[in-house]
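**Student:** One file: model14.cif (mmCIF, C-alpha atoms and all ligand atoms).
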```
data_protein
#
loop_
_atom_site.label_atom_id
_atom_site.label_comp_id
_atom_site.auth_asym_id
_atom_site.auth_seq_id
_atom_site.Cartn_x
_atom_site.Cartn_y
_atom_site.Cartn_z
CA MET A 1 -14.02 11.26 -29.78
CA LYS A 2 -11.95 11.13 -26.60
CA LEU A 3 -8.17 10.99 -26.82
CA ALA A 4 -5.39 10.82 -24.26
CA VAL A 5 -1.87 11.76 -25.36
CA THR A 6 0.97 10.35 -23.30
CA GLY A 7 4.64 9.34 -23.57
CA LYS A 8 8.06 10.06 -22.15
CA GLY A 9 9.03 13.61 -21.15
CA GLY A 10 10.03 15.82 -24.05
CA VAL A 11 8.97 13.48 -26.88
CA GLY A 12 6.41 15.97 -28.16
CA LYS A 13 3.15 15.12 -26.35
CA THR A 14 2.11 18.75 -26.11
CA THR A 15 3.11 19.41 -29.72
CA VAL A 16 1.15 16.39 -30.98
CA ALA A 17 -1.87 17.16 -28.77
CA SER A 18 -1.95 20.76 -29.97
CA LEU A 19 -1.63 19.75 -33.65
CA ILE A 20 -4.58 17.36 -33.22
CA ILE A 21 -6.64 19.91 -31.30
CA GLN A 22 -6.04 22.69 -33.81
CA HIS A 23 -6.74 20.41 -36.75
CA LEU A 24 -10.02 19.10 -35.34
CA ALA A 25 -11.07 22.61 -34.32
CA ASP A 26 -10.35 23.89 -37.84
CA GLN A 27 -12.65 21.16 -39.15
CA GLY A 28 -15.47 22.62 -37.08
CA ASN A 29 -15.41 20.26 -34.08
CA ARG A 30 -15.95 21.60 -30.59
CA ILE A 31 -12.98 20.58 -28.49
CA ILE A 32 -12.34 20.35 -24.79
CA ALA A 33 -8.56 20.41 -24.40
CA ILE A 34 -7.33 19.22 -21.03
CA ASP A 35 -3.84 19.95 -19.84
CA ALA A 36 -3.26 17.21 -17.27
CA ASP A 37 0.51 17.60 -17.15
CA PRO A 38 1.69 19.17 -13.86
CA ASP A 39 4.18 21.16 -15.91
CA ALA A 40 1.38 22.60 -18.00
CA ASN A 41 2.13 24.25 -21.32
CA LEU A 42 -0.67 23.28 -23.68
CA ALA A 43 -2.03 26.84 -23.52
CA SER A 44 1.07 28.32 -25.04
CA ALA A 45 1.35 25.46 -27.55
CA LEU A 46 -2.17 26.36 -28.69
CA GLY A 47 -1.19 30.02 -28.84
CA PHE A 48 -3.58 31.16 -26.08
CA SER A 49 -2.68 34.58 -24.81
CA GLY A 50 -2.14 35.03 -21.08
CA ALA A 51 -1.01 31.40 -20.80
CA ASP A 52 1.26 32.18 -17.85
CA GLU A 53 -1.58 33.66 -15.78
CA ILE A 54 -3.76 30.54 -15.78
CA VAL A 55 -4.53 29.15 -12.33
CA PRO A 56 -4.66 25.33 -12.49
CA ILE A 57 -7.86 23.86 -11.09
CA ALA A 58 -5.90 21.81 -8.51
CA GLU A 59 -4.86 25.14 -6.96
CA MET A 60 -8.36 26.62 -6.75
CA ASP A 61 -8.68 26.05 -3.02
CA HIS A 62 -11.97 27.87 -2.59
CA LEU A 63 -13.63 25.94 -5.41
CA ILE A 64 -12.30 22.63 -4.12
CA GLU A 65 -13.69 23.31 -0.66
CA GLU A 66 -17.01 24.58 -2.02
CA ARG A 67 -17.50 21.48 -4.18
CA THR A 68 -16.10 18.71 -2.01
CA GLY A 69 -16.71 20.07 1.49
CA ALA A 70 -13.06 19.87 2.52
CA LYS A 71 -9.94 21.95 2.10
CA PRO A 72 -7.31 20.69 -0.36
CA GLY A 73 -4.77 18.30 1.11
CA GLN A 74 -7.09 17.03 3.85
CA SER A 75 -6.78 13.38 3.07
CA GLY A 76 -8.15 12.15 6.39
CA SER A 77 -11.29 14.28 6.35
CA PHE A 78 -14.76 13.61 5.01
CA PHE A 79 -15.35 15.01 1.59
CA SER A 80 -17.57 14.27 -1.36
CA ILE A 81 -16.03 11.83 -3.80
CA ASN A 82 -18.70 12.79 -6.30
CA PRO A 83 -18.66 16.61 -6.31
CA LYS A 84 -20.75 18.61 -8.76
CA VAL A 85 -18.67 19.35 -11.86
CA ASP A 86 -21.04 19.65 -14.80
CA ASP A 87 -20.88 23.46 -14.83
CA LEU A 88 -17.10 23.59 -14.57
CA PRO A 89 -16.07 23.09 -18.23
CA GLU A 90 -17.89 26.36 -19.02
CA LYS A 91 -16.83 28.19 -15.87
CA LEU A 92 -13.19 27.22 -15.66
CA SER A 93 -12.06 27.00 -19.24
CA LEU A 94 -10.38 29.53 -21.43
CA SER A 95 -11.94 29.52 -24.82
CA ARG A 96 -10.88 30.52 -28.25
CA GLY A 97 -12.94 29.66 -31.30
CA ASN A 98 -14.06 26.04 -30.95
CA ILE A 99 -11.48 25.21 -28.29
CA ARG A 100 -12.11 25.19 -24.55
CA LEU A 101 -8.97 24.65 -22.50
CA MET A 102 -8.89 23.41 -18.92
CA VAL A 103 -5.63 23.31 -16.98
CA MET A 104 -5.79 20.67 -14.26
CA GLY A 105 -2.56 21.14 -12.33
CA THR A 106 -0.99 18.29 -10.43
CA VAL A 107 -3.19 15.22 -10.54
CA LYS A 108 -1.87 12.84 -7.96
CA LYS A 109 -1.43 9.30 -9.18
CA GLY A 110 -4.05 6.62 -8.65
CA GLY A 111 -3.79 3.98 -5.98
CA SER A 112 -3.09 4.77 -2.36
CA GLY A 113 -1.93 8.38 -2.21
CA CYS A 114 -4.88 9.88 -4.01
CA ALA A 115 -7.64 10.16 -1.41
CA CYS A 116 -7.83 13.94 -1.12
CA PRO A 117 -10.47 16.48 -2.12
CA GLU A 118 -8.60 18.10 -5.03
CA ASN A 119 -8.12 14.70 -6.64
CA ALA A 120 -11.78 13.83 -6.22
CA LEU A 121 -12.71 17.03 -8.03
CA LEU A 122 -10.21 16.58 -10.87
CA LYS A 123 -11.07 12.92 -11.41
CA ASN A 124 -14.76 13.66 -11.46
CA LEU A 125 -14.25 16.52 -13.88
CA VAL A 126 -12.21 14.40 -16.32
CA SER A 127 -14.64 11.54 -16.05
CA HIS A 128 -17.55 13.95 -16.63
CA VAL A 129 -16.13 15.34 -19.87
CA VAL A 130 -15.18 11.88 -21.11
CA PHE A 131 -18.55 10.29 -20.36
CA TYR A 132 -21.11 13.06 -20.69
CA ARG A 133 -19.90 15.68 -23.13
CA ASP A 134 -20.41 15.48 -26.88
CA ASP A 135 -17.30 17.55 -27.51
CA VAL A 136 -14.10 16.03 -28.74
CA VAL A 137 -11.85 15.69 -25.68
CA VAL A 138 -8.07 15.71 -26.03
CA MET A 139 -5.93 15.28 -22.91
CA ASP A 140 -2.24 16.15 -22.74
CA MET A 141 -0.83 13.94 -19.99
CA GLU A 142 2.47 13.02 -18.45
CA ALA A 143 3.97 9.57 -19.01
CA GLY A 144 1.25 7.17 -17.92
CA ILE A 145 -2.50 6.89 -17.82
CA GLU A 146 -3.04 5.71 -14.27
CA HIS A 147 -4.28 9.10 -13.05
CA LEU A 148 -7.23 8.84 -15.43
CA GLY A 149 -8.87 6.25 -13.26
CA ARG A 150 -9.83 2.85 -14.53
CA GLY A 151 -13.33 3.63 -15.77
CA THR A 152 -12.34 6.84 -17.53
CA ALA A 153 -9.29 5.25 -19.13
CA ARG A 154 -11.50 2.50 -20.57
CA ALA A 155 -13.87 5.06 -22.05
CA VAL A 156 -11.08 6.79 -24.00
CA ASP A 157 -11.24 6.00 -27.73
CA MET A 158 -7.48 6.04 -28.15
CA VAL A 159 -4.49 6.34 -25.88
CA ILE A 160 -1.89 7.93 -28.14
CA VAL A 161 1.66 7.20 -27.05
CA VAL A 162 4.17 9.58 -28.60
CA VAL A 163 7.66 8.21 -29.16
CA GLU A 164 10.77 9.63 -30.78
CA PRO A 165 13.56 7.68 -32.44
CA GLY A 166 15.50 6.44 -29.40
CA MET A 167 15.37 3.61 -26.87
CA ARG A 168 14.28 5.70 -23.90
CA SER A 169 10.92 6.76 -25.25
CA ILE A 170 10.39 3.24 -26.61
CA GLU A 171 10.91 1.80 -23.12
CA THR A 172 8.36 4.24 -21.74
CA ALA A 173 5.92 3.23 -24.49
CA LEU A 174 6.32 -0.44 -23.54
CA LYS A 175 5.64 0.40 -19.88
CA ILE A 176 2.52 2.34 -20.83
CA LYS A 177 1.38 -0.58 -22.98
CA LYS A 178 1.74 -2.92 -20.01
CA LEU A 179 -0.16 -0.51 -17.78
CA ALA A 180 -2.91 -0.16 -20.37
CA GLY A 181 -3.14 -3.94 -20.60
CA ASP A 182 -3.50 -4.15 -16.81
CA LEU A 183 -6.36 -1.65 -17.02
CA GLY A 184 -8.01 -3.63 -19.80
CA ILE A 185 -7.35 -1.03 -22.50
CA ASP A 186 -6.37 -2.21 -25.96
CA ARG A 187 -7.03 0.97 -27.92
CA ILE A 188 -3.50 2.23 -27.77
CA GLY A 189 -1.58 3.64 -30.72
CA ILE A 190 1.87 5.01 -31.42
CA VAL A 191 2.73 8.32 -33.02
CA GLY A 192 6.39 8.49 -34.02
CA ASN A 193 7.56 12.09 -33.66
CA LYS A 194 10.75 13.89 -34.70
CA VAL A 195 11.46 11.28 -37.37
CA ARG A 196 14.23 12.12 -39.82
CA GLY A 197 13.53 9.52 -42.47
CA ASN A 198 12.75 5.89 -43.25
CA SER A 199 15.31 4.40 -40.93
CA ASP A 200 13.77 6.23 -37.95
CA GLU A 201 10.34 4.93 -38.95
CA GLU A 202 11.70 1.40 -39.26
CA PHE A 203 13.41 1.70 -35.89
CA ILE A 204 10.13 2.71 -34.23
CA ARG A 205 8.06 0.02 -35.93
CA GLY A 206 10.71 -2.61 -35.23
CA SER A 207 11.04 -1.66 -31.56
CA LEU A 208 7.31 -1.86 -30.89
CA PRO A 209 6.17 -5.07 -32.55
CA GLY A 210 2.46 -5.73 -32.27
CA MET A 211 1.63 -2.11 -31.50
CA LYS A 212 -0.47 -0.03 -33.84
CA VAL A 213 1.57 2.75 -35.41
CA MET A 214 -0.86 5.57 -36.25
CA GLY A 215 1.59 7.76 -38.12
CA PHE A 216 4.82 9.72 -38.13
CA ILE A 217 5.55 13.41 -37.72
CA PRO A 218 8.84 14.58 -39.22
CA TYR A 219 11.51 16.41 -37.31
CA ASP A 220 10.72 19.95 -38.38
CA THR A 221 12.22 23.21 -37.18
CA LYS A 222 8.88 24.98 -37.81
CA LEU A 223 7.61 23.20 -34.69
CA ILE A 224 10.56 24.50 -32.69
CA GLU A 225 10.01 28.00 -34.06
CA ALA A 226 6.35 27.85 -33.04
CA ASP A 227 7.42 26.77 -29.54
CA LEU A 228 9.93 29.62 -29.32
CA LYS A 229 7.30 32.15 -30.27
CA GLY A 230 4.37 30.57 -28.37
CA SER A 231 2.52 31.13 -31.60
CA GLY A 232 0.37 28.00 -31.82
CA SER A 233 0.61 25.08 -34.21
CA PRO A 234 1.85 25.65 -37.73
CA ASP A 235 -0.85 24.53 -40.16
CA ASN A 236 1.20 22.55 -42.64
CA PHE A 237 0.79 19.25 -40.81
CA SER A 238 -2.89 18.75 -41.52
CA GLY A 239 -2.40 15.87 -43.97
CA ILE A 240 -0.29 13.97 -41.46
CA ILE A 241 -2.70 14.65 -38.62
CA ASP A 242 -5.63 13.56 -40.80
CA ASP A 243 -3.93 10.22 -41.40
CA ILE A 244 -3.24 9.80 -37.68
CA ILE A 245 -6.84 10.58 -36.74
CA GLY A 246 -8.04 8.27 -39.52
CA ASN A 247 -6.47 5.42 -37.53
CA ILE A 248 -8.79 5.95 -34.59
CA PRO A 249 -11.59 3.42 -34.55
CA ARG A 250 -15.04 5.01 -34.33
N1 LIG B 1 8.42 16.97 -34.82
C1 LIG B 1 9.22 17.83 -34.17
N2 LIG B 1 10.29 18.39 -34.78
C2 LIG B 1 11.11 19.23 -34.12
N3 LIG B 1 10.96 19.60 -32.85
C3 LIG B 1 9.90 19.10 -32.19
C4 LIG B 1 8.99 18.18 -32.79
N4 LIG B 1 8.03 17.85 -31.87
C5 LIG B 1 8.34 18.53 -30.75
N5 LIG B 1 9.47 19.27 -30.93
C6 LIG B 1 10.13 20.14 -29.94
O1 LIG B 1 10.53 19.32 -28.85
C7 LIG B 1 10.36 20.03 -27.63
C8 LIG B 1 9.48 19.22 -26.70
O2 LIG B 1 8.20 19.13 -27.25
P1 LIG B 1 6.90 19.09 -26.32
O3 LIG B 1 6.91 20.18 -25.34
O4 LIG B 1 5.73 18.97 -27.24
O5 LIG B 1 7.14 17.70 -25.60
P2 LIG B 1 6.38 17.07 -24.34
O6 LIG B 1 6.44 15.60 -24.51
O7 LIG B 1 5.04 17.69 -24.21
O8 LIG B 1 7.31 17.55 -23.16
P3 LIG B 1 7.00 17.50 -21.57
O9 LIG B 1 7.24 16.09 -21.18
O10 LIG B 1 7.98 18.46 -21.02
O11 LIG B 1 5.57 17.93 -21.42
C9 LIG B 1 9.78 21.38 -28.00
O12 LIG B 1 10.80 22.33 -28.08
C10 LIG B 1 9.18 21.16 -29.37
O13 LIG B 1 9.14 22.32 -30.15
MG MG B 2 4.15 18.68 -22.55
#
```
Using structure tokens, write down the structure that the file contains.
Ligand SMILES: Nc1ncnc2c1ncn2[C@@H]1O[C@H](COP(=O)(O)OP(=O)(O)OP(=O)(O)O)[C@@H](O)[C@H]1O
Ligand SMILES: [Mg+2]
**Tutor:**
Amino acid sequence: MKLAVTGKGGVGKTTVASLIIQHLADQGNRIIAIDADPDANLASALGFSGADEIVPIAEMDHLIEERTGAKPGQSGSFFSINPKVDDLPEKLSLSRGNIRLMVMGTVKKGGSGCACPENALLKNLVSHVVFYRDDVVVMDMEAGIEHLGRGTARAVDMVIVVVEPGMRSIETALKIKKLAGDLGIDRIGIVGNKVRGNSDEEFIRGSLPGMKVMGFIPYDTKLIEADLKGSGSPDNFSGIIDDIIGNIPR
């Protein structure tokens, strides 16, 4: 199973991704967790120690040069667009129990401005884990899916768009839906987060007609406490997460 978690800033992408990761890991699945948000904090959400010392792969200049043949940032130079990456999930990840975590760093957006060696390495690495690894892959991304690359985005089983009760995150969800449509992706689902009751759920459903709502996570101060302490996901959400995962076609 390959999942990408996206949505507007602050809606709870990292919280939702870490709840899913922890839940699937507890069930015995091997997980590759990818932090693809430039402002990375999945490590602390998962309760990894030493989270602030992690060097994102995009900043590993020596590795980027070794694998692509060019120094980072050299967009005009010749470099391999298909660098070797199959050993990197083992070499570059932090692991704890069944979870391997890779922190990508800034992945420049697709389209024109992306022809540089560090992007080639990151894109190839993401595409490798999505296409060739048996592990469950869960990616915590910023708002959008364009930096996945077209082929990789199409291979994802579900693009999970997190929204909260409020117009701003709904607007972002509609933009992501349009983008997904342009890329030919229809496996896109909504997780309503920070909901305070039925009227919030109705608001979210009503604002996103025609979109699959996978489930709702209540507004809960335990999640804020866990964030304050960097203590990893509380475990009392497993029923809710089970229902959300049950909505993923397999
Ligand atoms: N269901 C919830 N109930 C209460 N607080 C929550 C809930 N989900 C997330 N939060 C809190 O909201 C804040 C933002 O959550 P989180 O970091 O997961 O969002 P994000 O979308 O990943 O943000 P960013 O865009 O900065 O990466 C955190 O303090 C988190 O503890
Ligand atoms: Mg986040």
**Student:** Kindly assemble as CSV a list of the chain A residues that lie within 6 Å of ligand LIG 1 (chain B), each paired with its nearest atom pair and their distance in Å to one decimal, using all atoms listed in the file, sorted first by chain and then by ascending residue number.
**Tutor:**
```
residue,atom,partner,partner_atom,distance
A:Gly9,CA,B:LIG1,O9,3.1
A:Gly10,CA,B:LIG1,O8,3.3
A:Val11,CA,B:LIG1,O6,4.1
A:Gly12,CA,B:LIG1,O5,3.2
A:Lys13,CA,B:LIG1,O6,3.8
A:Thr14,CA,B:LIG1,O7,3.6
A:Thr15,CA,B:LIG1,O4,3.6
A:Asn193,CA,B:LIG1,N1,5.1
A:Lys194,CA,B:LIG1,N1,3.9
A:Ile217,CA,B:LIG1,N1,5.4
A:Pro218,CA,B:LIG1,N1,5.0
A:Tyr219,CA,B:LIG1,N2,3.4
A:Asp220,CA,B:LIG1,N2,3.9
A:Thr221,CA,B:LIG1,C2,5.1
A:Leu223,CA,B:LIG1,O13,4.9
A:Ile224,CA,B:LIG1,O13,3.6
A:Asp227,CA,B:LIG1,O13,4.8
```
**Student:** Please identify every polymer residue within 10 Å of ligand MG 2 (chain B), using all atoms listed in the file, and present the set as a ChimeraX atom specification.
**Tutor:** /A:5-18,35-42,45,140-143
**Student:** Applying 6 Å and all atoms listed in the file, which residues near range 241-250 of chain A remain after dropping the ones on its own chain fewer than 2 positions away? List them as a list of chain:residue names.
**Tutor:**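 Residues meeting the cut-off are A:Met214, A:Gly215, A:Ser238, A:Gly239.
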**Student:** So how many Å separate CA of Val191 in chain A and CA of Lys2 in chain A, to one decimal?
**Tutor:**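 That distance, rounded to one decimal, is 16.3 Å.
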**Student:** Interatomic distance between CA of Arg187 in chain A and CA of Ala43 in chain A?
**Tutor:**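 Separation between CA of Arg187 in chain A and CA of Ala43 in chain A: 26.7 Å.
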**Student:** Of the residues A:Ala115, A:Ile176, A:Ile170, A:Leu125, which is the one nearest to Gln74 in chain A, using only C-alpha atoms?
**Tutor:** A:Ala115
**Student:** Distance CA of Ser49 in chain A-CA of Val156 in chain A, one decimal place?
**Tutor:**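 For CA of Ser49 in chain A relative to CA of Val156 in chain A, the distance reads 29.0 Å.
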**Student:** I want to know what sits within 8 Å of Thr68 in chain A, based on all atoms listed in the file, with residues of the same chain fewer than 4 positions away left out; could you give that as JSON, numbers by chain?
**Tutor:** {"A": [64, 79, 80, 81, 82, 83, 117, 120, 121]}
**Student:** With C-alpha atoms retained, could you export that selection as a PDB file, in the coordinates of the input?
**Tutor:**
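Result went into part24.pdb, see below:
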```
ATOM      1  CA  ILE A  64     -12.300  22.630  -4.120  1.00  0.00           C
ATOM      2  CA  PHE A  79     -15.350  15.010   1.590  1.00  0.00           C
ATOM      3  CA  SER A  80     -17.570  14.270  -1.360  1.00  0.00           C
ATOM      4  CA  ILE A  81     -16.030  11.830  -3.800  1.00  0.00           C
ATOM      5  CA  ASN A  82     -18.700  12.790  -6.300  1.00  0.00           C
ATOM      6  CA  PRO A  83     -18.660  16.610  -6.310  1.00  0.00           C
ATOM      7  CA  PRO A 117     -10.470  16.480  -2.120  1.00  0.00           C
ATOM      8  CA  ALA A 120     -11.780  13.830  -6.220  1.00  0.00           C
ATOM      9  CA  LEU A 121     -12.710  17.030  -8.030  1.00  0.00           C
TER      10      LEU A 121
END
```
**Student:** Restricting the calculation to all atoms listed in the file: of A:Ala173, A:Val129, A:Asp134, A:Leu94, which residue gets closest to Thr152 in chain A?
**Tutor:**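 Answer, going by the shortest atom-to-atom distance: A:Val129.
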**Student:** From the list A:Leu101, A:Val55, A:Leu92, A:Leu122, which residue is nearest Val138 in chain A when using all atoms listed in the file?
**Tutor:**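 Answer, going by the shortest atom-to-atom distance: A:Leu101.
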